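Shown here: my_file26.tsv, TSV, C-alpha atoms (C1' of nucleotides).
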```
chain	number	residue	atom	x	y	z
A	1	MET	CA	32.11	167.79	63.72
A	2	PRO	CA	33.80	169.43	66.74
A	3	GLU	CA	35.26	172.70	65.72
A	4	PHE	CA	38.72	172.55	67.22
A	5	LEU	CA	39.53	169.06	65.99
A	6	ASP	CA	38.25	169.99	62.57
A	7	LEU	CA	40.15	173.27	62.33
A	8	HIS	CA	43.33	171.68	63.63
A	9	SER	CA	43.27	168.83	61.16
A	10	ARG	CA	42.40	171.10	58.25
A	11	THR	CA	45.25	173.39	59.20
A	12	ASN	CA	47.57	170.43	59.43
A	13	LYS	CA	46.58	169.33	55.98
A	14	VAL	CA	47.39	172.60	54.29
A	15	LEU	CA	50.60	172.91	56.31
A	16	ARG	CA	51.65	169.47	55.14
A	17	ALA	CA	50.81	170.37	51.57
A	18	VAL	CA	52.90	173.54	51.71
A	19	ALA	CA	55.81	171.70	53.31
A	20	GLU	CA	55.53	168.91	50.76
A	21	VAL	CA	55.93	171.18	47.73
A	22	ALA	CA	58.71	173.08	49.50
A	23	MET	CA	60.61	169.85	50.15
A	24	GLN	CA	60.06	168.64	46.60
A	25	ARG	CA	61.95	171.69	45.41
A	26	HIS	CA	64.98	170.00	46.98
A	27	GLY	CA	64.13	166.51	45.80
A	28	LEU	CA	62.75	165.41	49.16
A	29	HIS	CA	59.42	164.17	50.41
A	30	LEU	CA	57.78	165.33	53.61
A	31	GLY	CA	59.19	163.57	56.65
A	32	GLN	CA	62.52	162.81	55.07
A	33	ASP	CA	63.75	166.18	56.26
A	34	HIS	CA	63.01	165.13	59.84
A	35	LEU	CA	65.09	162.01	59.45
A	36	LEU	CA	67.95	163.98	57.92
A	37	ALA	CA	67.67	166.56	60.70
A	38	VAL	CA	68.57	163.89	63.23
A	39	LEU	CA	71.69	163.02	61.26
A	40	TRP	CA	72.61	166.65	60.77
A	41	LYS	CA	72.61	166.96	64.52
A	42	GLU	CA	74.57	163.75	65.04
A	43	ASP	CA	75.69	161.54	62.20
A	44	GLY	CA	75.83	157.76	62.31
A	45	ARG	CA	72.76	157.03	64.39
A	46	THR	CA	70.76	153.83	64.28
A	47	PRO	CA	67.22	153.43	62.90
A	48	GLY	CA	65.91	152.79	66.40
A	49	GLU	CA	67.47	155.97	67.75
A	50	ILE	CA	66.15	157.99	64.85
A	51	ALA	CA	62.68	156.54	65.24
A	52	ALA	CA	62.66	157.54	68.91
A	53	ALA	CA	63.93	161.02	68.10
A	54	VAL	CA	61.31	161.62	65.42
A	55	ASN	CA	58.46	159.88	67.24
A	56	VAL	CA	57.90	157.35	64.53
A	57	SER	CA	58.02	153.57	64.40
A	58	THR	CA	61.26	151.82	63.48
A	59	PRO	CA	59.86	150.26	60.29
A	60	ALA	CA	58.93	153.74	59.09
A	61	VAL	CA	62.55	154.80	59.47
A	62	VAL	CA	63.75	151.63	57.75
A	63	LYS	CA	61.59	152.20	54.70
A	64	MET	CA	62.34	155.87	54.47
A	65	SER	CA	66.06	155.35	54.90
A	66	GLY	CA	65.93	152.90	52.01
A	67	ARG	CA	64.58	155.65	49.80
A	68	LEU	CA	67.16	158.10	51.08
A	69	VAL	CA	69.90	155.60	50.28
A	70	ASP	CA	68.49	155.25	46.76
A	71	ALA	CA	68.47	159.02	46.47
A	72	GLY	CA	72.14	159.08	47.44
A	73	LEU	CA	71.64	161.20	50.54
A	74	ILE	CA	72.72	158.67	53.15
A	75	THR	CA	74.52	155.33	53.34
A	76	ARG	CA	73.75	152.35	55.53
A	77	ARG	CA	76.51	150.37	57.29
A	78	ARG	CA	76.50	147.83	60.07
A	79	ASP	CA	78.18	148.67	63.32
A	80	ASP	CA	81.32	146.49	63.62
A	81	ARG	CA	81.23	146.31	67.39
A	82	ASP	CA	77.56	145.28	67.65
A	83	ASN	CA	76.52	143.49	64.52
A	84	ARG	CA	72.81	143.76	64.91
A	85	LEU	CA	73.02	147.56	64.85
A	86	VAL	CA	72.88	149.53	61.62
A	87	ARG	CA	74.19	153.05	61.39
A	88	LEU	CA	73.12	155.68	58.89
A	89	TRP	CA	75.67	158.11	57.58
A	90	LEU	CA	75.16	161.28	55.59
A	91	THR	CA	76.70	161.56	52.16
A	92	GLY	CA	78.01	164.88	50.87
A	93	ALA	CA	74.72	165.44	49.08
A	94	GLY	CA	72.79	164.72	52.25
A	95	ARG	CA	74.89	167.10	54.29
A	96	ALA	CA	74.62	169.78	51.62
A	97	LEU	CA	70.85	169.90	52.05
A	98	GLN	CA	70.99	171.07	55.65
A	99	ALA	CA	71.26	174.81	55.06
A	100	PRO	CA	68.63	175.06	52.28
A	101	ILE	CA	66.13	172.83	54.05
A	102	GLU	CA	66.44	174.60	57.38
A	103	SER	CA	66.08	177.94	55.66
A	104	GLU	CA	63.04	176.64	53.80
A	105	ARG	CA	61.34	175.55	57.01
A	106	ARG	CA	62.10	178.86	58.72
A	107	HIS	CA	60.60	180.64	55.73
A	108	ILE	CA	57.41	178.60	55.92
A	109	GLU	CA	57.09	179.14	59.65
A	110	LYS	CA	57.50	182.86	59.16
A	111	LYS	CA	54.99	183.19	56.31
A	112	VAL	CA	52.43	181.04	58.03
A	113	THR	CA	52.45	183.00	61.28
A	114	GLU	CA	52.91	186.45	59.78
A	115	ASP	CA	49.33	187.54	60.50
A	116	LEU	CA	49.76	186.89	64.22
A	117	THR	CA	50.85	189.46	66.77
A	118	GLN	CA	53.66	188.48	69.09
A	119	GLU	CA	51.11	188.01	71.86
A	120	GLU	CA	48.89	185.83	69.71
A	121	ARG	CA	51.86	183.74	68.73
A	122	GLU	CA	52.84	183.10	72.33
A	123	LEU	CA	49.28	182.28	73.33
A	124	LEU	CA	48.93	179.96	70.38
A	125	MET	CA	52.09	178.11	71.33
A	126	SER	CA	51.14	177.73	74.98
A	127	ALA	CA	47.56	176.71	74.20
A	128	LEU	CA	48.77	174.18	71.65
A	129	ALA	CA	51.23	172.83	74.18
A	130	LYS	CA	48.41	172.37	76.67
A	131	VAL	CA	46.34	170.54	74.09
A	132	HIS	CA	49.32	168.37	73.30
A	133	ARG	CA	49.79	167.42	76.93
A	134	SER	CA	46.11	166.71	77.49
A	135	THR	CA	46.04	164.55	74.39
A	136	VAL	CA	49.07	162.56	75.45
A	137	ALA	CA	47.46	162.07	78.85
A	138	LEU	CA	44.20	160.95	77.24
A	139	MET	CA	46.14	158.56	75.04
A	140	THR	CA	48.17	156.88	77.75
A	141	GLU	CA	45.26	156.30	80.09
A	142	SER	CA	42.40	155.11	77.87
A	143	PRO	CA	43.71	151.92	76.21
B	1	MET	CA	63.27	172.93	63.43
B	2	PRO	CA	60.86	175.87	63.66
B	3	GLU	CA	58.89	175.68	66.85
B	4	PHE	CA	55.36	176.29	65.68
B	5	LEU	CA	55.49	173.86	62.77
B	6	ASP	CA	57.03	171.27	65.02
B	7	LEU	CA	54.54	171.69	67.85
B	8	HIS	CA	51.62	171.73	65.46
B	9	SER	CA	52.63	168.54	63.69
B	10	ARG	CA	53.44	166.77	66.94
B	11	THR	CA	50.05	167.77	68.31
B	12	ASN	CA	48.38	166.56	65.16
B	13	LYS	CA	50.10	163.23	65.49
B	14	VAL	CA	48.87	162.52	69.00
B	15	LEU	CA	45.42	163.81	68.12
B	16	ARG	CA	45.30	161.42	65.19
B	17	ALA	CA	46.45	158.58	67.40
B	18	VAL	CA	43.73	159.27	69.95
B	19	ALA	CA	41.06	159.57	67.27
B	20	GLU	CA	42.30	156.38	65.64
B	21	VAL	CA	41.89	154.23	68.74
B	22	ALA	CA	38.54	155.89	69.46
B	23	MET	CA	37.27	155.04	65.98
B	24	GLN	CA	38.59	151.51	66.19
B	25	ARG	CA	36.31	150.98	69.16
B	26	HIS	CA	33.50	151.25	66.60
B	27	GLY	CA	35.24	149.24	63.90
B	28	LEU	CA	36.30	152.28	61.90
B	29	HIS	CA	39.59	153.71	60.76
B	30	LEU	CA	40.47	157.37	60.97
B	31	GLY	CA	39.03	159.33	58.07
B	32	GLN	CA	36.19	156.93	57.45
B	33	ASP	CA	34.10	158.87	59.94
B	34	HIS	CA	34.51	161.98	57.81
B	35	LEU	CA	33.22	160.17	54.77
B	36	LEU	CA	30.28	158.79	56.72
B	37	ALA	CA	29.59	162.24	58.15
B	38	VAL	CA	28.91	163.54	54.64
B	39	LEU	CA	26.38	160.78	54.09
B	40	TRP	CA	24.80	161.31	57.48
B	41	LYS	CA	24.18	164.86	56.44
B	42	GLU	CA	22.87	163.91	53.01
B	43	ASP	CA	22.68	160.34	51.81
B	44	GLY	CA	23.31	159.21	48.25
B	45	ARG	CA	26.15	161.52	47.29
B	46	THR	CA	28.78	160.80	44.66
B	47	PRO	CA	32.49	160.14	45.30
B	48	GLY	CA	33.36	163.45	43.68
B	49	GLU	CA	30.97	165.40	45.90
B	50	ILE	CA	32.27	163.64	48.98
B	51	ALA	CA	35.86	164.28	48.01
B	52	ALA	CA	35.14	167.97	47.63
B	53	ALA	CA	33.28	168.10	50.95
B	54	VAL	CA	36.09	166.37	52.85
B	55	ASN	CA	38.95	168.08	51.02
B	56	VAL	CA	40.43	164.89	49.72
B	57	SER	CA	41.15	163.54	46.25
B	58	THR	CA	38.51	161.44	44.49
B	59	PRO	CA	40.65	158.28	44.38
B	60	ALA	CA	41.00	158.47	48.15
B	61	VAL	CA	37.22	158.41	48.48
B	62	VAL	CA	36.94	155.56	46.00
B	63	LYS	CA	39.37	153.37	47.90
B	64	MET	CA	37.92	154.18	51.27
B	65	SER	CA	34.36	153.62	50.10
B	66	GLY	CA	35.44	150.19	48.88
B	67	ARG	CA	36.50	149.31	52.39
B	68	LEU	CA	33.29	150.74	53.83
B	69	VAL	CA	31.29	148.62	51.41
B	70	ASP	CA	33.26	145.56	52.53
B	71	ALA	CA	32.51	146.51	56.12
B	72	GLY	CA	28.81	146.64	55.28
B	73	LEU	CA	28.39	150.30	56.22
B	74	ILE	CA	27.50	151.67	52.80
B	75	THR	CA	26.44	150.40	49.38
B	76	ARG	CA	27.50	151.61	45.96
B	77	ARG	CA	24.99	152.02	43.12
B	78	ARG	CA	25.13	153.74	39.78
B	79	ASP	CA	22.84	156.68	39.14
B	80	ASP	CA	20.25	155.55	36.58
B	81	ARG	CA	19.79	159.00	35.07
B	82	ASP	CA	23.50	159.67	34.55
B	83	ASN	CA	25.35	156.42	34.21
B	84	ARG	CA	28.83	157.71	34.84
B	85	LEU	CA	27.82	158.82	38.33
B	86	VAL	CA	28.01	156.53	41.32
B	87	ARG	CA	26.05	157.18	44.46
B	88	LEU	CA	26.90	155.95	47.94
B	89	TRP	CA	24.10	154.97	50.28
B	90	LEU	CA	24.22	154.25	53.98
B	91	THR	CA	23.18	150.85	55.25
B	92	GLY	CA	21.40	150.46	58.56
B	93	ALA	CA	24.73	149.69	60.22
B	94	GLY	CA	26.28	152.79	58.69
B	95	ARG	CA	23.44	154.99	59.87
B	96	ALA	CA	23.53	153.46	63.33
B	97	LEU	CA	27.09	154.67	63.84
B	98	GLN	CA	26.18	158.34	63.63
B	99	ALA	CA	25.24	158.94	67.25
B	100	PRO	CA	28.12	157.00	68.85
B	101	ILE	CA	30.74	158.44	66.53
B	102	GLU	CA	29.58	162.02	66.97
B	103	SER	CA	29.48	161.58	70.70
B	104	GLU	CA	32.97	160.08	70.59
B	105	ARG	CA	34.36	163.05	68.73
B	106	ARG	CA	32.68	165.53	71.06
B	107	HIS	CA	34.20	163.67	73.98
B	108	ILE	CA	37.68	163.85	72.49
B	109	GLU	CA	37.32	167.55	71.74
B	110	LYS	CA	36.23	168.20	75.29
B	111	LYS	CA	38.99	166.19	76.95
B	112	VAL	CA	41.68	167.61	74.74
B	113	THR	CA	40.79	171.24	75.41
B	114	GLU	CA	39.84	170.86	79.04
B	115	ASP	CA	42.95	172.63	80.33
B	116	LEU	CA	42.14	175.77	78.35
B	117	THR	CA	40.19	178.70	79.68
B	118	GLN	CA	37.34	179.97	77.56
B	119	GLU	CA	39.48	182.91	76.52
B	120	GLU	CA	42.38	180.67	75.59
B	121	ARG	CA	40.08	178.49	73.57
B	122	GLU	CA	38.77	181.40	71.56
B	123	LEU	CA	42.22	182.81	70.97
B	124	LEU	CA	43.49	179.41	69.91
B	125	MET	CA	40.68	179.04	67.40
B	126	SER	CA	41.14	182.50	65.91
B	127	ALA	CA	44.92	182.19	65.76
B	128	LEU	CA	44.67	178.79	64.14
B	129	ALA	CA	42.18	180.18	61.64
B	130	LYS	CA	44.64	182.92	60.75
B	131	VAL	CA	47.41	180.40	60.27
B	132	HIS	CA	45.09	178.35	58.10
B	133	ARG	CA	44.31	181.31	55.89
B	134	SER	CA	47.94	182.37	55.57
B	135	THR	CA	48.92	178.83	54.67
B	136	VAL	CA	46.25	178.54	52.01
B	137	ALA	CA	47.41	181.86	50.60
B	138	LEU	CA	51.03	180.70	50.60
B	139	MET	CA	50.00	177.49	48.90
B	140	THR	CA	48.02	179.04	46.08
B	141	GLU	CA	50.62	181.63	45.15
B	142	SER	CA	53.96	179.85	45.28
B	143	PRO	CA	53.68	177.01	42.74
C	1	DG	C1'	81.43	127.49	77.58
C	2	DG	C1'	76.82	126.77	76.15
C	3	DT	C1'	72.00	128.10	76.50
C	4	DC	C1'	68.31	131.38	76.79
C	5	DG	C1'	66.21	135.66	76.75
C	6	DA	C1'	66.42	140.47	75.23
C	7	DT	C1'	67.47	143.68	71.54
C	8	DC	C1'	67.70	145.14	66.98
C	9	DG	C1'	66.76	145.62	62.06
C	10	DC	C1'	63.77	144.11	58.81
C	11	DT	C1'	59.62	142.17	56.08
C	12	DA	C1'	54.69	141.67	55.32
C	13	DA	C1'	50.16	143.29	55.34
C	14	DC	C1'	47.44	146.80	56.37
C	15	DC	C1'	45.67	152.06	56.41
C	16	DA	C1'	45.23	157.11	54.40
C	17	DG	C1'	46.67	160.07	51.07
C	18	DT	C1'	48.72	161.83	46.46
C	19	DT	C1'	49.14	162.42	41.03
C	20	DA	C1'	48.87	160.47	36.37
C	21	DA	C1'	46.55	157.91	33.07
C	22	DC	C1'	42.51	155.18	31.33
C	23	DG	C1'	37.71	153.94	29.83
C	24	DT	C1'	32.87	155.14	29.88
C	25	DT	C1'	29.24	157.97	29.50
C	26	DC	C1'	27.00	162.15	28.54
C	27	DA	C1'	25.97	166.58	26.17
C	28	DG	C1'	26.50	170.04	22.91
C	29	DC	C1'	27.37	171.34	18.31
C	30	DG	C1'	27.93	170.90	13.44
D	1	DC	C1'	22.31	162.04	13.63
D	2	DG	C1'	26.99	161.47	14.52
D	3	DC	C1'	31.26	163.18	16.50
D	4	DT	C1'	34.02	165.44	19.66
D	5	DG	C1'	35.17	167.14	24.09
D	6	DA	C1'	34.21	167.33	28.90
D	7	DA	C1'	32.98	165.00	33.26
D	8	DC	C1'	33.16	161.09	36.14
D	9	DG	C1'	34.81	156.96	38.52
D	10	DT	C1'	38.44	153.87	38.59
D	11	DT	C1'	43.17	151.79	38.52
D	12	DA	C1'	48.14	151.97	39.09
D	13	DA	C1'	52.21	153.45	41.23
D	14	DC	C1'	54.08	156.17	44.57
D	15	DT	C1'	54.50	158.43	49.62
D	16	DG	C1'	54.25	158.24	54.93
D	17	DG	C1'	52.56	155.76	58.62
D	18	DT	C1'	50.97	151.63	61.59
D	19	DT	C1'	51.26	146.72	64.04
D	20	DA	C1'	52.62	141.81	64.02
D	21	DG	C1'	55.99	138.58	63.40
D	22	DC	C1'	60.68	136.77	61.74
D	23	DG	C1'	65.91	136.11	62.09
D	24	DA	C1'	70.10	137.19	63.58
D	25	DT	C1'	73.11	138.82	67.11
D	26	DC	C1'	74.56	139.93	71.65
D	27	DG	C1'	74.92	139.54	76.76
D	28	DA	C1'	74.14	137.56	80.99
D	29	DC	C1'	73.65	133.76	83.74
D	30	DC	C1'	74.35	129.12	85.14
```

As structure tokens, the full file:
Amino acid sequence: MPEFLDLHSRTNKVLRAVAEVAMQRHGLHLGQDHLLAVLWKEDGRTPGEIAAAVNVSTPAVVKMSGRLVDAGLITRRRDDRDNRLVRLWLTGAGRALQAPIESERRHIEKKVTEDLTQEERELLMSALAKVHRSTVALMTESP
Amino acid sequence: MPEFLDLHSRTNKVLRAVAEVAMQRHGLHLGQDHLLAVLWKEDGRTPGEIAAAVNVSTPAVVKMSGRLVDAGLITRRRDDRDNRLVRLWLTGAGRALQAPIESERRHIEKKVTEDLTQEERELLMSALAKVHRSTVALMTESP
DNA sequence: GGTCGATCGCTAACCAGTTAACGTTCAGCG
DNA sequence: CGCTGAACGTTAACTGGTTAGCGATCGACC
């Protein structure tokens, strides 16, 4: 089992777990905060736009937005100019989550990188960015 | 959106996507190779042992092993000494996948880190290990 | 002004993963 | 020797995610 792939995926798993319990403290599941973040930045976007912004498929946004509607955090309404579009709008409850969620994520980021020196942190970011680019390149050429 | 968490999860996503298509070339889904890897190392282990080795819940192993049985890569048989135990055994097809899958993963690891110098690679690994430890610590103390 | 293709949201059927609850089987202890 | 509690696999119900395919709507073109 190659060491980098293994370490990276194990790290991802624990990071996800930590983020999950943090989000549950606010009644959210992991990933829902990303969707809300798009609306916090600009309300009334369509599922397709959100999917593109979050790098997720449109059906994933559709399902998740259904749960967020049930939770009373957003509402769904058709665009009256173009009737095949649907626009998602934050409710008061959804908007109220912005500050606590963002603070929560900053807290996690801080705790999780607190053992790194500033230099290590920068090298980690740039190395990870290189890996990201190489992976995207590998992905778009092989199929 | 904190930059490290974001970059790490985005990197994980593309890495998963690459691994997924690579595994599909051998008729596998992502994660199934990890389960098989445990059996390649030592055949005839129980779902609980495998779950612990792969850091996954037991039900996850149960479901996945069902699909691997359907695919003809493993068989499931109760232990005759202790009848509540179930042991998973590789079939010939399951054993035959070891070499190609391991080579596939090594190839991905190589391609994905090819833009890194040796020094960068080592720093990335050690930094990631630190993050991993801090995250585990954060996880076990907060709830 | 009608048709035809593109766009968009959505549903269905998968996959991996989780926790909670259930039924069996075993082992230790009275 | 029986009973009680622990260990184990399994099922059910949820989450996030995927691709394939359906239906409705819009826009452009003839």

Please superimpose chain A upon chain B, fitting all C-alpha atoms matched one to one in order, and report the result as a compact mmCIF listing (two decimals) with C-alpha atoms, in the coordinates of the input.
```txt
# COMPACT_ATOMS: atom_id res chain seq x y z
CA MET A 1 63.27 172.92 63.48
CA PRO A 2 60.84 175.88 63.68
CA GLU A 3 58.89 175.67 66.85
CA PHE A 4 55.36 176.28 65.67
CA LEU A 5 55.49 173.86 62.76
CA ASP A 6 57.04 171.27 65.02
CA LEU A 7 54.54 171.69 67.85
CA HIS A 8 51.62 171.72 65.45
CA SER A 9 52.64 168.54 63.70
CA ARG A 10 53.43 166.76 66.96
CA THR A 11 50.05 167.77 68.31
CA ASN A 12 48.40 166.54 65.16
CA LYS A 13 50.10 163.21 65.51
CA VAL A 14 48.87 162.53 69.00
CA LEU A 15 45.41 163.82 68.10
CA ARG A 16 45.29 161.41 65.18
CA ALA A 17 46.44 158.58 67.40
CA VAL A 18 43.73 159.29 69.97
CA ALA A 19 41.07 159.56 67.28
CA GLU A 20 42.31 156.37 65.64
CA VAL A 21 41.89 154.22 68.75
CA ALA A 22 38.54 155.87 69.47
CA MET A 23 37.29 155.04 65.98
CA GLN A 24 38.60 151.49 66.20
CA ARG A 25 36.30 150.97 69.15
CA HIS A 26 33.50 151.24 66.59
CA GLY A 27 35.23 149.21 63.91
CA LEU A 28 36.30 152.25 61.91
CA HIS A 29 39.60 153.71 60.81
CA LEU A 30 40.47 157.38 61.00
CA GLY A 31 39.03 159.33 58.09
CA GLN A 32 36.20 156.93 57.45
CA ASP A 33 34.13 158.85 59.96
CA HIS A 34 34.54 161.97 57.83
CA LEU A 35 33.24 160.18 54.78
CA LEU A 36 30.29 158.79 56.72
CA ALA A 37 29.61 162.24 58.16
CA VAL A 38 28.93 163.54 54.67
CA LEU A 39 26.39 160.78 54.10
CA TRP A 40 24.80 161.30 57.49
CA LYS A 41 24.19 164.86 56.45
CA GLU A 42 22.89 163.90 53.01
CA ASP A 43 22.70 160.33 51.81
CA GLY A 44 23.34 159.19 48.26
CA ARG A 45 26.16 161.53 47.30
CA THR A 46 28.78 160.82 44.68
CA PRO A 47 32.49 160.17 45.32
CA GLY A 48 33.37 163.47 43.69
CA GLU A 49 31.00 165.41 45.92
CA ILE A 50 32.27 163.65 49.00
CA ALA A 51 35.87 164.28 48.04
CA ALA A 52 35.14 167.99 47.67
CA ALA A 53 33.30 168.09 50.98
CA VAL A 54 36.10 166.36 52.87
CA ASN A 55 38.95 168.09 51.04
CA VAL A 56 40.43 164.89 49.75
CA SER A 57 41.13 163.54 46.28
CA THR A 58 38.50 161.44 44.51
CA PRO A 59 40.65 158.29 44.41
CA ALA A 60 40.99 158.49 48.18
CA VAL A 61 37.22 158.42 48.49
CA VAL A 62 36.98 155.57 46.00
CA LYS A 63 39.40 153.39 47.92
CA MET A 64 37.93 154.19 51.28
CA SER A 65 34.38 153.64 50.10
CA GLY A 66 35.45 150.21 48.88
CA ARG A 67 36.50 149.33 52.40
CA LEU A 68 33.30 150.76 53.83
CA VAL A 69 31.30 148.64 51.40
CA ASP A 70 33.25 145.57 52.53
CA ALA A 71 32.52 146.52 56.11
CA GLY A 72 28.82 146.66 55.28
CA LEU A 73 28.40 150.31 56.22
CA ILE A 74 27.50 151.68 52.80
CA THR A 75 26.44 150.41 49.38
CA ARG A 76 27.49 151.64 45.97
CA ARG A 77 24.98 152.05 43.11
CA ARG A 78 25.12 153.81 39.78
CA ASP A 79 22.84 156.72 39.16
CA ASP A 80 20.22 155.64 36.58
CA ARG A 81 19.79 159.08 35.09
CA ASP A 82 23.52 159.77 34.59
CA ASN A 83 25.36 156.52 34.20
CA ARG A 84 28.83 157.75 34.86
CA LEU A 85 27.83 158.87 38.36
CA VAL A 86 28.03 156.54 41.34
CA ARG A 87 26.06 157.18 44.48
CA LEU A 88 26.90 155.94 47.95
CA TRP A 89 24.12 154.97 50.28
CA LEU A 90 24.24 154.26 53.99
CA THR A 91 23.19 150.85 55.23
CA GLY A 92 21.42 150.45 58.56
CA ALA A 93 24.74 149.67 60.20
CA GLY A 94 26.29 152.77 58.70
CA ARG A 95 23.46 154.97 59.86
CA ALA A 96 23.55 153.42 63.32
CA LEU A 97 27.10 154.65 63.84
CA GLN A 98 26.19 158.32 63.62
CA ALA A 99 25.23 158.92 67.25
CA PRO A 100 28.13 156.98 68.85
CA ILE A 101 30.75 158.43 66.53
CA GLU A 102 29.59 162.01 66.94
CA SER A 103 29.48 161.57 70.69
CA GLU A 104 32.97 160.07 70.60
CA ARG A 105 34.37 163.05 68.71
CA ARG A 106 32.69 165.53 71.05
CA HIS A 107 34.20 163.65 73.97
CA ILE A 108 37.69 163.84 72.49
CA GLU A 109 37.33 167.53 71.72
CA LYS A 110 36.22 168.18 75.26
CA LYS A 111 39.00 166.18 76.95
CA VAL A 112 41.67 167.62 74.73
CA THR A 113 40.76 171.25 75.39
CA GLU A 114 39.81 170.87 79.04
CA ASP A 115 42.93 172.64 80.32
CA LEU A 116 42.11 175.78 78.34
CA THR A 117 40.14 178.72 79.65
CA GLN A 118 37.29 179.96 77.51
CA GLU A 119 39.44 182.91 76.47
CA GLU A 120 42.36 180.69 75.55
CA ARG A 121 40.08 178.49 73.53
CA GLU A 122 38.74 181.40 71.52
CA LEU A 123 42.20 182.82 70.93
CA LEU A 124 43.46 179.42 69.88
CA MET A 125 40.66 179.04 67.37
CA SER A 126 41.12 182.49 65.87
CA ALA A 127 44.91 182.20 65.73
CA LEU A 128 44.65 178.78 64.12
CA ALA A 129 42.19 180.16 61.61
CA LYS A 130 44.64 182.91 60.72
CA VAL A 131 47.41 180.38 60.25
CA HIS A 132 45.10 178.33 58.09
CA ARG A 133 44.31 181.28 55.86
CA SER A 134 47.94 182.34 55.55
CA THR A 135 48.92 178.80 54.66
CA VAL A 136 46.25 178.51 52.00
CA ALA A 137 47.41 181.83 50.58
CA LEU A 138 51.03 180.67 50.60
CA MET A 139 49.99 177.46 48.88
CA THR A 140 47.98 179.00 46.07
CA GLU A 141 50.57 181.59 45.14
CA SER A 142 53.91 179.76 45.25
CA PRO A 143 53.56 176.93 42.69
```

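Coordinates place atom CA of B:Glu114 at a distance of 7.7 Å from atom CA of A:Ser134.
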
task = Starting from chain B, keep only residues with some atom at most 10 Å from an atom of chain C, counting all atoms listed in the file, and report them as a list of chain:residue names.
result = B:His29, B:Leu30, B:Gly31, B:Gln32, B:Val56, B:Ser57, B:Pro59, B:Ala60, B:Val61, B:Lys63, B:Met64, B:Asp82, B:Asn83, B:Arg84, B:Leu85

key: Selected residue of minimal separation from B:Val136 among A:Ala17, A:Leu123, A:Ala71, A:Leu5, counting only C-alpha atoms   =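 Of A:Ala17, A:Leu123, A:Ala71, A:Leu5, the one nearest B:Val136, counting only C-alpha atoms, is A:Ala17.
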
Grab all the atoms of stretch 22-28 of chain C that the file lists, wrap them in a box along x, y and z, add 5 Å per side, and give me centre plus edge lengths in Å (one decimal) as JSON.
```
{"center_x": 34.2, "center_y": 162.0, "center_z": 27.1, "size_x": 26.5, "size_y": 26.1, "size_z": 18.4}
```

message = Just checking: using only C-alpha atoms (C1' of nucleotides), which residue out of D:DG27, D:DG16, D:DG9, D:DG21 ends up closest to chain B?
response = D:DG9

key: Contact set, chain D to chain A: 12 Å, only C-alpha atoms (C1' of nucleotides), as a list in words   =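 Listed by rising number, the hits are DC14, DT15, DG16, DG17, DT18, DT19, DA20, DG23, DA24, DT25, DC26 and DG27 of chain D.
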
Which chain B residues have any atom within 7 Å of an atom of chain A, and for each, what is the nearest pair of atoms with distance in Å to one decimal, counting all atoms listed in the file, rows sorted by chain and number, as a Markdown table?
```
| residue | atom | partner | partner_atom | distance |
| --- | --- | --- | --- | --- |
| B:Pro2 | CA | A:Arg106 | CA | 5.9 |
| B:Phe4 | CA | A:Met125 | CA | 6.8 |
| B:Leu5 | CA | A:Glu109 | CA | 6.3 |
| B:Ser9 | CA | A:Asn12 | CA | 6.9 |
| B:Thr11 | CA | A:His132 | CA | 5.1 |
| B:Asn12 | CA | A:Ser9 | CA | 6.9 |
| B:Val14 | CA | A:Thr135 | CA | 6.4 |
| B:Leu15 | CA | A:Thr135 | CA | 6.3 |
| B:Val18 | CA | A:Met139 | CA | 5.7 |
| B:Arg105 | CA | A:Pro2 | CA | 6.7 |
| B:Arg106 | CA | A:Pro2 | CA | 5.9 |
| B:Glu109 | CA | A:Leu5 | CA | 6.3 |
| B:Val112 | CA | A:Ser134 | CA | 5.3 |
| B:Thr113 | CA | A:Val131 | CA | 5.7 |
| B:Asp115 | CA | A:Lys130 | CA | 6.6 |
| B:Leu116 | CA | A:Ala127 | CA | 6.9 |
| B:Glu120 | CA | A:Ala127 | CA | 6.7 |
| B:Leu124 | CA | A:Leu124 | CA | 5.5 |
| B:Met125 | CA | A:Phe4 | CA | 6.8 |
| B:Ala127 | CA | A:Leu124 | CA | 6.5 |
| B:Lys130 | CA | A:Asp115 | CA | 6.6 |
| B:Val131 | CA | A:Val112 | CA | 5.5 |
| B:His132 | CA | A:Thr11 | CA | 5.1 |
| B:Ser134 | CA | A:Val112 | CA | 5.3 |
| B:Thr135 | CA | A:Val112 | CA | 5.3 |
| B:Val136 | CA | A:Val14 | CA | 6.5 |
| B:Met139 | CA | A:Val18 | CA | 5.6 |
```

task = Between atom CA of B:Gly27 and atom C1' of D:DT11, measure the distance and give it in Å to one decimal.
result =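 So the answer is 26.7 Å.
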
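Atom CA of A:His26 is positioned 8.2 Å from atom CA of A:Pro100.
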